[in-house]
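The next block is work16.txt, given as compact mmCIF, C-alpha atoms.
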# COMPACT_ATOMS: atom_id res chain seq x y z
CA MET J 1069 -6.38 -43.84 19.88
CA GLN J 1070 -5.73 -41.85 16.70
CA PHE J 1071 -9.40 -41.94 15.76
CA ILE J 1072 -10.49 -40.99 19.29
CA ALA J 1073 -8.13 -38.00 19.24
CA TYR J 1074 -9.53 -37.01 15.86
CA ILE J 1075 -13.20 -37.16 16.83
CA LEU J 1076 -12.50 -35.22 20.03
CA ILE J 1077 -10.40 -32.46 18.46
CA TYR J 1078 -11.96 -32.06 15.01
CA PRO J 1079 -15.30 -30.58 16.21
CA PHE J 1080 -13.38 -27.93 18.16
CA LEU J 1081 -11.30 -27.05 15.09
CA TRP J 1082 -14.43 -26.89 12.95
CA LEU J 1083 -16.14 -24.53 15.38
CA ILE J 1084 -13.12 -22.21 15.28
CA SER J 1085 -13.06 -22.38 11.48
CA ILE J 1086 -16.63 -21.09 11.11
CA LEU J 1087 -16.01 -18.02 13.27
CA PRO J 1088 -16.32 -14.74 11.35
CA PHE J 1089 -12.93 -13.11 10.90
CA PRO J 1090 -13.30 -10.48 13.67
CA LEU J 1091 -14.03 -13.25 16.20
CA LEU J 1092 -11.33 -15.45 14.69
CA TYR J 1093 -8.70 -12.80 15.36
CA ALA J 1094 -10.11 -12.13 18.82
CA PHE J 1095 -9.48 -15.84 19.45
CA SER J 1096 -5.95 -15.35 18.07
CA ASP J 1097 -5.38 -12.52 20.58
CA GLY J 1098 -6.36 -14.85 23.41
CA LEU J 1099 -4.11 -17.54 21.99
CA PHE J 1100 -1.24 -15.03 21.98
CA VAL J 1101 -1.64 -14.49 25.72
CA LEU J 1102 -1.50 -18.24 26.28
CA VAL J 1103 1.40 -19.00 23.92
CA TYR J 1104 3.56 -15.94 24.63
CA HIS J 1105 2.86 -14.91 28.21
CA ILE J 1106 1.80 -18.14 29.93
CA ILE J 1107 3.45 -21.04 28.09
CA GLY J 1108 6.32 -19.06 26.58
CA TYR J 1109 6.49 -21.51 23.67
CA ARG J 1110 10.11 -21.61 22.42
CA LYS J 1111 10.60 -18.00 23.49
CA LYS J 1112 14.25 -18.64 24.38
CA THR J 1113 14.86 -20.12 20.93
CA VAL J 1114 13.21 -17.15 19.21
CA LYS J 1115 15.22 -14.57 21.14
CA ALA J 1116 18.44 -16.54 20.69
CA ASN J 1117 17.88 -16.70 16.92
CA LEU J 1118 17.09 -13.00 16.70
CA GLY J 1119 20.10 -12.06 18.82
CA LEU J 1120 22.30 -14.23 16.64
CA VAL J 1121 21.30 -12.73 13.28
CA PHE J 1122 20.69 -9.18 14.52
CA PRO J 1123 23.59 -8.54 16.93
CA GLU J 1124 23.35 -4.82 16.24
CA LYS J 1125 19.76 -4.53 17.51
CA SER J 1126 18.91 -3.38 21.02
CA GLU J 1127 17.15 -5.56 23.56
CA LYS J 1128 14.01 -3.47 23.07
CA ALA J 1129 14.11 -4.01 19.30
CA ILE J 1130 14.54 -7.77 19.78
CA ASN J 1131 11.61 -7.82 22.21
CA ASP J 1132 9.43 -5.87 19.77
CA ILE J 1133 10.20 -8.29 16.94
CA THR J 1134 9.55 -11.22 19.27
CA ARG J 1135 6.12 -9.95 20.26
CA GLY J 1136 5.26 -9.19 16.64
CA PHE J 1137 6.34 -12.68 15.65
CA TYR J 1138 4.14 -14.38 18.26
CA HIS J 1139 1.13 -12.28 17.28
CA HIS J 1140 1.68 -13.34 13.67
CA LEU J 1141 2.27 -16.98 14.64
CA CYS J 1142 -1.09 -17.12 16.41
CA ASP J 1143 -2.75 -15.53 13.37
CA MET J 1144 -1.15 -18.23 11.20
CA ILE J 1145 -2.50 -20.96 13.48
CA VAL J 1146 -6.08 -19.72 13.33
CA GLU J 1147 -5.83 -19.03 9.59
CA SER J 1148 -4.71 -22.62 9.09
CA ILE J 1149 -7.78 -23.79 10.98
CA LYS J 1150 -9.94 -21.40 8.96
CA SER J 1151 -8.82 -23.33 5.86
CA LEU J 1152 -11.29 -26.05 6.86
CA THR J 1153 -14.28 -23.97 5.82
CA ILE J 1154 -13.09 -20.76 4.16
CA SER J 1155 -14.79 -20.11 0.84
CA GLU J 1156 -12.96 -19.75 -2.45
CA VAL J 1157 -14.24 -16.18 -2.72
CA GLN J 1158 -12.80 -15.25 0.66
CA MET J 1159 -9.51 -17.00 -0.08
CA LYS J 1160 -9.11 -15.10 -3.36
CA LYS J 1161 -9.91 -11.85 -1.60
CA ARG J 1162 -7.37 -12.40 1.17
CA PHE J 1163 -4.50 -14.07 -0.71
CA THR J 1164 -3.78 -12.18 -3.92
CA PHE J 1165 -1.11 -12.31 -6.63
CA THR J 1166 0.62 -9.34 -8.23
CA ASN J 1167 2.01 -11.15 -11.29
CA VAL J 1168 0.45 -14.59 -11.69
CA GLU J 1169 0.97 -14.16 -15.43
CA LEU J 1170 4.63 -15.09 -14.86
CA VAL J 1171 3.58 -18.64 -13.99
CA ARG J 1172 1.05 -18.72 -16.83
CA GLU J 1173 3.73 -17.67 -19.33
CA LEU J 1174 5.95 -20.54 -18.21
CA GLY J 1175 2.99 -22.84 -18.79
CA ASP J 1176 2.56 -21.39 -22.29
CA LYS J 1177 6.21 -22.39 -22.90
CA ASN J 1178 5.38 -25.93 -21.71
CA ARG J 1179 7.53 -25.44 -18.62
CA SER J 1180 6.77 -27.24 -15.38
CA VAL J 1181 7.67 -25.25 -12.27
CA VAL J 1182 9.42 -25.72 -8.96
CA LEU J 1183 8.05 -23.09 -6.56
CA MET J 1184 10.47 -22.17 -3.77
CA CYS J 1185 9.45 -20.26 -0.69
CA ALA J 1186 10.44 -19.58 2.90
CA HIS J 1187 8.48 -20.09 6.10
CA TYR J 1188 7.57 -16.45 5.93
CA ALA J 1189 4.34 -14.45 6.31
CA SER J 1190 1.87 -17.06 5.01
CA TRP J 1191 2.34 -20.22 2.99
CA GLU J 1192 -0.90 -21.92 4.05
CA TRP J 1193 -3.15 -20.21 1.50
CA ILE J 1194 -0.81 -20.40 -1.51
CA PHE J 1195 -2.85 -23.38 -2.73
CA ILE J 1196 -5.46 -20.98 -4.10
CA LEU J 1197 -2.93 -20.39 -6.89
CA GLN J 1198 -4.32 -23.52 -8.55
CA LYS J 1199 -7.45 -21.53 -9.43
CA TYR J 1200 -5.35 -19.19 -11.61
CA VAL J 1201 -3.01 -21.55 -13.49
CA ASP J 1202 -3.20 -24.78 -15.49
CA HIS J 1203 -0.28 -26.57 -13.82
CA LYS J 1204 -1.09 -29.63 -11.72
CA GLY J 1205 -0.08 -28.69 -8.18
CA PHE J 1206 1.97 -30.77 -5.76
CA GLY J 1207 2.93 -29.76 -2.25
CA ILE J 1208 5.87 -31.48 -0.57
CA TYR J 1209 5.08 -32.14 3.09
CA LYS J 1210 5.88 -34.29 6.10
CA ARG J 1211 3.14 -36.85 6.74
CA LEU J 1212 1.27 -36.31 10.04
CA HIS J 1213 1.53 -39.06 12.63
CA ASN J 1214 -2.26 -39.19 13.04
CA LYS J 1215 -3.60 -40.67 9.79
CA TYR J 1216 -7.02 -39.07 10.25
CA PHE J 1217 -5.63 -35.55 10.57
CA ASP J 1218 -3.27 -36.35 7.70
CA ALA J 1219 -6.27 -37.22 5.53
CA MET J 1220 -8.01 -34.02 6.67
CA VAL J 1221 -5.08 -31.87 5.54
CA LYS J 1222 -5.07 -33.63 2.17
CA ARG J 1223 -8.81 -32.98 1.78
CA ILE J 1224 -8.30 -29.28 2.43
CA ARG J 1225 -5.60 -29.05 -0.24
CA ALA J 1226 -7.67 -31.10 -2.69
CA ARG J 1227 -10.36 -28.41 -2.60
CA TYR J 1228 -8.03 -26.34 -4.79
CA ASN J 1229 -6.76 -29.20 -6.96
CA SER J 1230 -3.46 -29.55 -5.09
CA HIS J 1231 -1.95 -32.86 -4.08
CA LEU J 1232 0.27 -33.42 -1.06
CA ILE J 1233 3.17 -35.82 -1.48
CA THR J 1234 5.93 -36.81 0.92
CA THR J 1235 9.62 -36.26 0.20
CA LYS J 1236 10.05 -39.94 -0.70
CA GLU J 1237 7.14 -39.75 -3.14
CA THR J 1238 8.35 -36.59 -4.86
CA ILE J 1239 10.70 -37.89 -7.56
CA PRO J 1240 8.63 -40.91 -8.69
CA THR J 1241 5.41 -38.84 -8.65
CA LEU J 1242 6.88 -36.02 -10.72
CA ILE J 1243 8.56 -38.41 -13.15
CA ALA J 1244 5.21 -40.13 -13.66
CA SER J 1245 3.53 -36.75 -14.15
CA LYS J 1246 6.15 -35.73 -16.74
CA ASN J 1247 5.78 -39.03 -18.58
CA LYS J 1248 2.05 -38.36 -18.86
CA GLY J 1249 2.80 -35.02 -20.50
CA GLU J 1250 1.39 -33.02 -17.58
CA LEU J 1251 2.53 -29.56 -16.59
CA SER J 1252 3.30 -29.72 -12.89
CA MET J 1253 4.01 -27.17 -10.19
CA SER J 1254 5.71 -28.34 -6.99
CA GLY J 1255 6.12 -26.29 -3.84
CA PHE J 1256 9.20 -26.45 -1.60
CA ALA J 1257 9.82 -24.55 1.64
CA SER J 1258 13.61 -24.81 1.51
CA ASP J 1259 14.81 -22.44 4.22
CA GLN J 1260 14.94 -24.84 7.18
CA SER J 1261 17.96 -26.80 8.36
CA PRO J 1262 18.90 -30.17 6.85
CA LYS J 1263 20.95 -32.71 8.79
CA HIS J 1264 24.47 -31.34 8.83
CA ASP J 1265 26.11 -34.70 8.11
CA LYS J 1266 24.02 -35.16 4.95
CA ALA J 1267 24.30 -31.62 3.59
CA PHE J 1268 25.85 -31.10 0.15
CA HIS J 1269 26.12 -27.34 0.43
CA TRP J 1270 26.91 -24.79 3.13
CA ASN J 1271 26.64 -21.03 2.78
CA ASP J 1272 25.85 -17.87 4.69
CA PHE J 1273 22.26 -17.35 5.77
CA MET J 1274 21.70 -14.06 7.57
CA GLY J 1275 25.48 -13.78 7.92
CA ILE J 1276 26.01 -17.22 9.49
CA LYS J 1277 27.34 -20.27 7.64
CA VAL J 1278 24.85 -23.14 7.81
CA PRO J 1279 23.88 -26.23 5.77
CA ILE J 1280 21.40 -25.42 3.00
CA HIS J 1281 18.67 -27.60 1.49
CA THR J 1282 19.46 -28.28 -2.17
CA GLY J 1283 16.67 -30.74 -2.99
CA ALA J 1284 14.56 -28.26 -4.97
CA GLU J 1285 17.47 -27.29 -7.21
CA MET J 1286 18.50 -30.92 -7.75
CA LEU J 1287 14.94 -31.89 -8.68
CA ALA J 1288 14.58 -28.93 -11.05
CA LYS J 1289 17.76 -29.91 -12.86
CA LYS J 1290 16.88 -33.61 -12.95
CA LEU J 1291 13.44 -32.97 -14.49
CA ASP J 1292 14.25 -29.71 -16.31
CA MET J 1293 11.71 -27.63 -14.39
CA SER J 1294 11.82 -23.84 -14.14
CA VAL J 1295 12.50 -22.45 -10.67
CA VAL J 1296 10.32 -19.64 -9.36
CA PHE J 1297 10.48 -17.91 -5.98
CA PHE J 1298 7.33 -16.56 -4.40
CA SER J 1299 7.51 -13.90 -1.74
CA VAL J 1300 4.55 -13.13 0.48
CA LYS J 1301 3.85 -9.71 1.95
CA LYS J 1302 1.44 -9.27 4.85
CA LEU J 1303 -0.65 -6.24 3.93
CA LYS J 1304 -2.69 -6.28 7.12
CA ARG J 1305 -4.22 -8.86 9.40
CA GLY J 1306 -5.63 -11.68 7.29
CA PHE J 1307 -4.57 -10.19 3.94
CA TYR J 1308 -1.51 -11.25 1.95
CA GLU J 1309 0.00 -10.35 -1.40
CA THR J 1310 2.25 -12.72 -3.32
CA THR J 1311 4.82 -11.85 -5.97
CA PHE J 1312 6.66 -14.33 -8.20
CA LYS J 1313 10.25 -14.03 -9.38
CA THR J 1314 11.94 -16.39 -11.83
CA ILE J 1315 15.21 -17.70 -10.43
CA ALA J 1316 16.02 -20.02 -13.34
CA GLU J 1317 13.88 -20.69 -16.40
CA ILE J 1318 16.39 -23.30 -17.66
CA PRO J 1319 18.06 -24.68 -14.52
CA GLY J 1320 20.70 -26.60 -16.48
CA ASP J 1321 22.24 -23.26 -17.47
CA PHE J 1322 23.28 -22.60 -13.85
CA GLU J 1323 26.26 -23.90 -11.92
CA ASP J 1324 25.53 -26.22 -9.01
CA TYR J 1325 24.07 -24.42 -5.99
CA ALA J 1326 23.76 -21.05 -7.78
CA ILE J 1327 19.97 -21.44 -7.81
CA THR J 1328 19.92 -22.35 -4.12
CA ASP J 1329 22.14 -19.41 -3.21
CA LYS J 1330 19.89 -17.01 -5.13
CA PHE J 1331 16.91 -18.39 -3.23
CA ILE J 1332 18.66 -17.76 0.09
CA ASP J 1333 19.45 -14.17 -0.96
CA LEU J 1334 15.76 -13.58 -1.69
CA VAL J 1335 14.69 -15.06 1.65
CA GLU J 1336 17.17 -12.82 3.47
CA GLN J 1337 15.67 -9.75 1.82
CA GLN J 1338 12.20 -10.75 3.00
CA ILE J 1339 13.44 -11.16 6.55
CA LEU J 1340 15.28 -7.84 6.55
CA ASP J 1341 12.18 -6.05 5.27
CA ALA J 1342 9.91 -7.33 8.08
CA PRO J 1343 11.61 -9.84 10.44
CA GLU J 1344 8.55 -10.42 12.62
CA TYR J 1345 6.94 -12.56 9.90
CA TYR J 1346 9.69 -15.20 9.72
CA LEU J 1347 9.34 -18.53 11.55
CA TRP J 1348 11.87 -17.95 14.34
CA THR J 1349 10.83 -20.95 16.45
CA HIS J 1350 12.95 -23.36 14.39
CA LYS J 1351 16.59 -23.85 15.34
CA ARG J 1352 17.77 -22.85 11.88
CA TRP J 1353 21.32 -22.02 12.93
CA LYS J 1354 21.94 -24.99 15.25
CA HIS J 1355 24.69 -26.46 13.04
CA ARG J 1356 26.74 -23.27 12.72
CA ASP J 1357 29.58 -24.76 14.78
CA LYS J 1358 29.84 -27.88 12.60
CA VAL J 1359 30.97 -26.36 9.32
CA PRO J 1360 33.16 -28.82 7.35
CA ALA J 1361 36.67 -27.56 6.65
CA GLU J 1362 36.09 -27.39 2.89
CA PHE J 1363 33.31 -24.81 3.40
CA LEU J 1364 35.21 -22.51 5.75

Take the structure in the file and give it back as structure tokens.
Amino acid sequence: MQFIAYILIYPFLWLISILPFPLLYAFSDGLFVLVYHIIGYRKKTVKANLGLVFPEKSEKAINDITRGFYHHLCDMIVESIKSLTISEVQMKKRFTFTNVELVRELGDKNRSVVLMCAHYASWEWIFILQKYVDHKGFGIYKRLHNKYFDAMVKRIRARYNSHLITTKETIPTLIASKNKGELSMSGFASDQSPKHDKAFHWNDFMGIKVPIHTGAEMLAKKLDMSVVFFSVKKLKRGFYETTFKTIAEIPGDFEDYAITDKFIDLVEQQILDAPEYYLWTHKRWKHRDKVPAEFL
């Protein structure tokens, strides 16, 4: 059944991916009508999240952010599909870097890097970074249920010399890479909610105390990897600009969770600057009523 689903769906995805960008975004506009107006995909969750973190905003302001978010979400969906066939030239034109030399300088110091980011603006095209640096790239991801689509996603990333690894594969893979003397760069989207009963750290995120993922910080300290945050700014439809900021060049110099807390502060600033580009469909604050006594 997995293969049948793949051979039925893949041609449709490929046809979308070869559309010129004006038609691609026209398709996104149609998708917006379907997702927002007809299906109403997780609209209650989005508005609940926005109302929770922006209690001072009016209903009109919340509705405006909601609409902007769904327009951007549909753009992200079609841009992900476009990754099937987009050229390197187009990718470099549409996903640019303001200070890629920061990562290069860490490489010159023989420093491997943990890249931390949020589900904000665009993270799909960050893999083009591999064309600008010498680090071997690893992306941490959740394996897709359909093995054929999973292989497809890996092929797309491999075009830019990036390798997808699951959470369970992360530590042994990076240890092996370090033992080979390789410079590695591993990407973590660490802003989503971990299981509350397995969380090591709780802190405020957008003014609400929640469990925080600490895996990126723990890995950086274990393998002595520099920690760099990358923020993405949407310049206009289909064009993004990425800026890097070093959180910790030597992670062992920082107290436990200080790196994670700095990351959360940087994510909050992104959201406050343009909230419509954050991924509001996830129930990020669902554990807010389960804060352990020691974190109150």

All file atoms of stretch 1146-1152 of chain J boxed axis-aligned, 6 Å per side, centre plus edges, as JSON:
{"center_x": -8.0, "center_y": -22.5, "center_z": 9.6, "size_x": 18.6, "size_y": 19.0, "size_z": 19.5}

How many Å separate atom CA of J:Asp1321 from atom CA of J:Leu1174?
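These two atoms are separated by 16.5 Å.
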
Counting only C-alpha atoms, which residue out of J:Gln1070, J:Ser1190, J:Asn1178, J:Thr1113 sits closest to J:Arg1305?
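Counting only C-alpha atoms, the residue closest to J:Arg1305 is J:Ser1190.
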
Which distance in Å separates atom CA of J:Gly1249 and atom CA of J:Ile1196, to one decimal?
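Atom CA of J:Ile1196 lies 23.1 Å from atom CA of J:Gly1249.
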
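Note that atom CA of J:Met1220 and atom CA of J:Trp1082 are 11.5 Å apart.
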
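With distances taken over all atoms listed in the file, J:Lys1246 is the one residue among J:Lys1354, J:Lys1330, J:Lys1313, J:Lys1246 lying closest to J:Lys1290.
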
Could I get stretch 1253-1264 of chain J rebuilt with all heavy atoms, written as a compact mmCIF listing (two decimals), in the frame of the given file?
# COMPACT_ATOMS: atom_id res chain seq x y z
N MET J 1253 3.48 -28.26 -11.00
CA MET J 1253 4.01 -27.17 -10.19
C MET J 1253 4.18 -27.71 -8.77
O MET J 1253 3.21 -28.13 -8.15
CB MET J 1253 3.06 -25.97 -10.21
CG MET J 1253 3.53 -24.78 -9.41
SD MET J 1253 2.47 -23.33 -9.74
CE MET J 1253 0.86 -23.96 -9.24
N SER J 1254 5.41 -27.73 -8.28
CA SER J 1254 5.71 -28.34 -6.99
C SER J 1254 6.26 -27.31 -6.03
O SER J 1254 7.15 -26.53 -6.39
CB SER J 1254 6.72 -29.48 -7.15
OG SER J 1254 6.31 -30.39 -8.14
N GLY J 1255 5.72 -27.29 -4.82
CA GLY J 1255 6.12 -26.29 -3.84
C GLY J 1255 7.11 -26.83 -2.82
O GLY J 1255 6.91 -27.91 -2.26
N PHE J 1256 8.18 -26.07 -2.58
CA PHE J 1256 9.20 -26.45 -1.60
C PHE J 1256 9.46 -25.27 -0.65
O PHE J 1256 9.76 -24.16 -1.10
CB PHE J 1256 10.52 -26.79 -2.28
CG PHE J 1256 10.51 -28.06 -3.08
CD1 PHE J 1256 9.99 -28.08 -4.36
CD2 PHE J 1256 11.03 -29.23 -2.55
CE1 PHE J 1256 9.98 -29.24 -5.12
CE2 PHE J 1256 11.03 -30.40 -3.29
CZ PHE J 1256 10.50 -30.41 -4.57
N ALA J 1257 9.35 -25.51 0.64
CA ALA J 1257 9.82 -24.55 1.64
C ALA J 1257 11.22 -24.99 2.02
O ALA J 1257 11.41 -25.95 2.76
CB ALA J 1257 8.90 -24.54 2.86
N SER J 1258 12.23 -24.31 1.48
CA SER J 1258 13.61 -24.81 1.51
C SER J 1258 14.52 -24.02 2.43
O SER J 1258 15.75 -24.06 2.28
CB SER J 1258 14.18 -24.80 0.09
OG SER J 1258 13.42 -25.60 -0.77
N ASP J 1259 13.96 -23.30 3.38
CA ASP J 1259 14.81 -22.44 4.22
C ASP J 1259 15.18 -23.07 5.56
O ASP J 1259 15.96 -22.49 6.31
CB ASP J 1259 14.10 -21.11 4.48
CG ASP J 1259 12.73 -21.30 5.14
OD1 ASP J 1259 11.97 -22.18 4.67
OD2 ASP J 1259 12.43 -20.60 6.11
N GLN J 1260 14.64 -24.24 5.88
CA GLN J 1260 14.94 -24.84 7.18
C GLN J 1260 16.21 -25.68 7.12
O GLN J 1260 16.78 -25.91 6.05
CB GLN J 1260 13.75 -25.66 7.66
CG GLN J 1260 12.50 -24.82 7.93
CD GLN J 1260 12.74 -23.69 8.91
OE1 GLN J 1260 13.13 -23.92 10.04
NE2 GLN J 1260 12.53 -22.45 8.47
N SER J 1261 16.64 -26.18 8.26
CA SER J 1261 17.96 -26.80 8.36
C SER J 1261 17.93 -28.29 8.04
O SER J 1261 17.20 -29.05 8.67
CB SER J 1261 18.52 -26.60 9.77
OG SER J 1261 19.81 -27.16 9.88
N PRO J 1262 18.76 -28.73 7.07
CA PRO J 1262 18.90 -30.17 6.85
C PRO J 1262 19.86 -30.76 7.88
O PRO J 1262 20.50 -30.03 8.64
CB PRO J 1262 19.53 -30.22 5.45
CG PRO J 1262 20.34 -28.97 5.36
CD PRO J 1262 19.57 -27.94 6.15
N LYS J 1263 19.98 -32.07 7.91
CA LYS J 1263 20.95 -32.71 8.79
C LYS J 1263 22.35 -32.35 8.31
O LYS J 1263 22.68 -32.50 7.14
CB LYS J 1263 20.75 -34.22 8.79
CG LYS J 1263 19.42 -34.66 9.40
CD LYS J 1263 19.28 -36.18 9.39
CE LYS J 1263 17.95 -36.60 10.03
NZ LYS J 1263 17.76 -38.07 10.00
N HIS J 1264 23.17 -31.87 9.24
CA HIS J 1264 24.47 -31.34 8.83
C HIS J 1264 25.37 -32.39 8.20
O HIS J 1264 26.17 -32.09 7.32
CB HIS J 1264 25.18 -30.71 10.03
CG HIS J 1264 25.71 -31.69 11.02
ND1 HIS J 1264 24.92 -32.29 11.98
CD2 HIS J 1264 26.97 -32.19 11.19
CE1 HIS J 1264 25.66 -33.12 12.71
NE2 HIS J 1264 26.90 -33.09 12.25
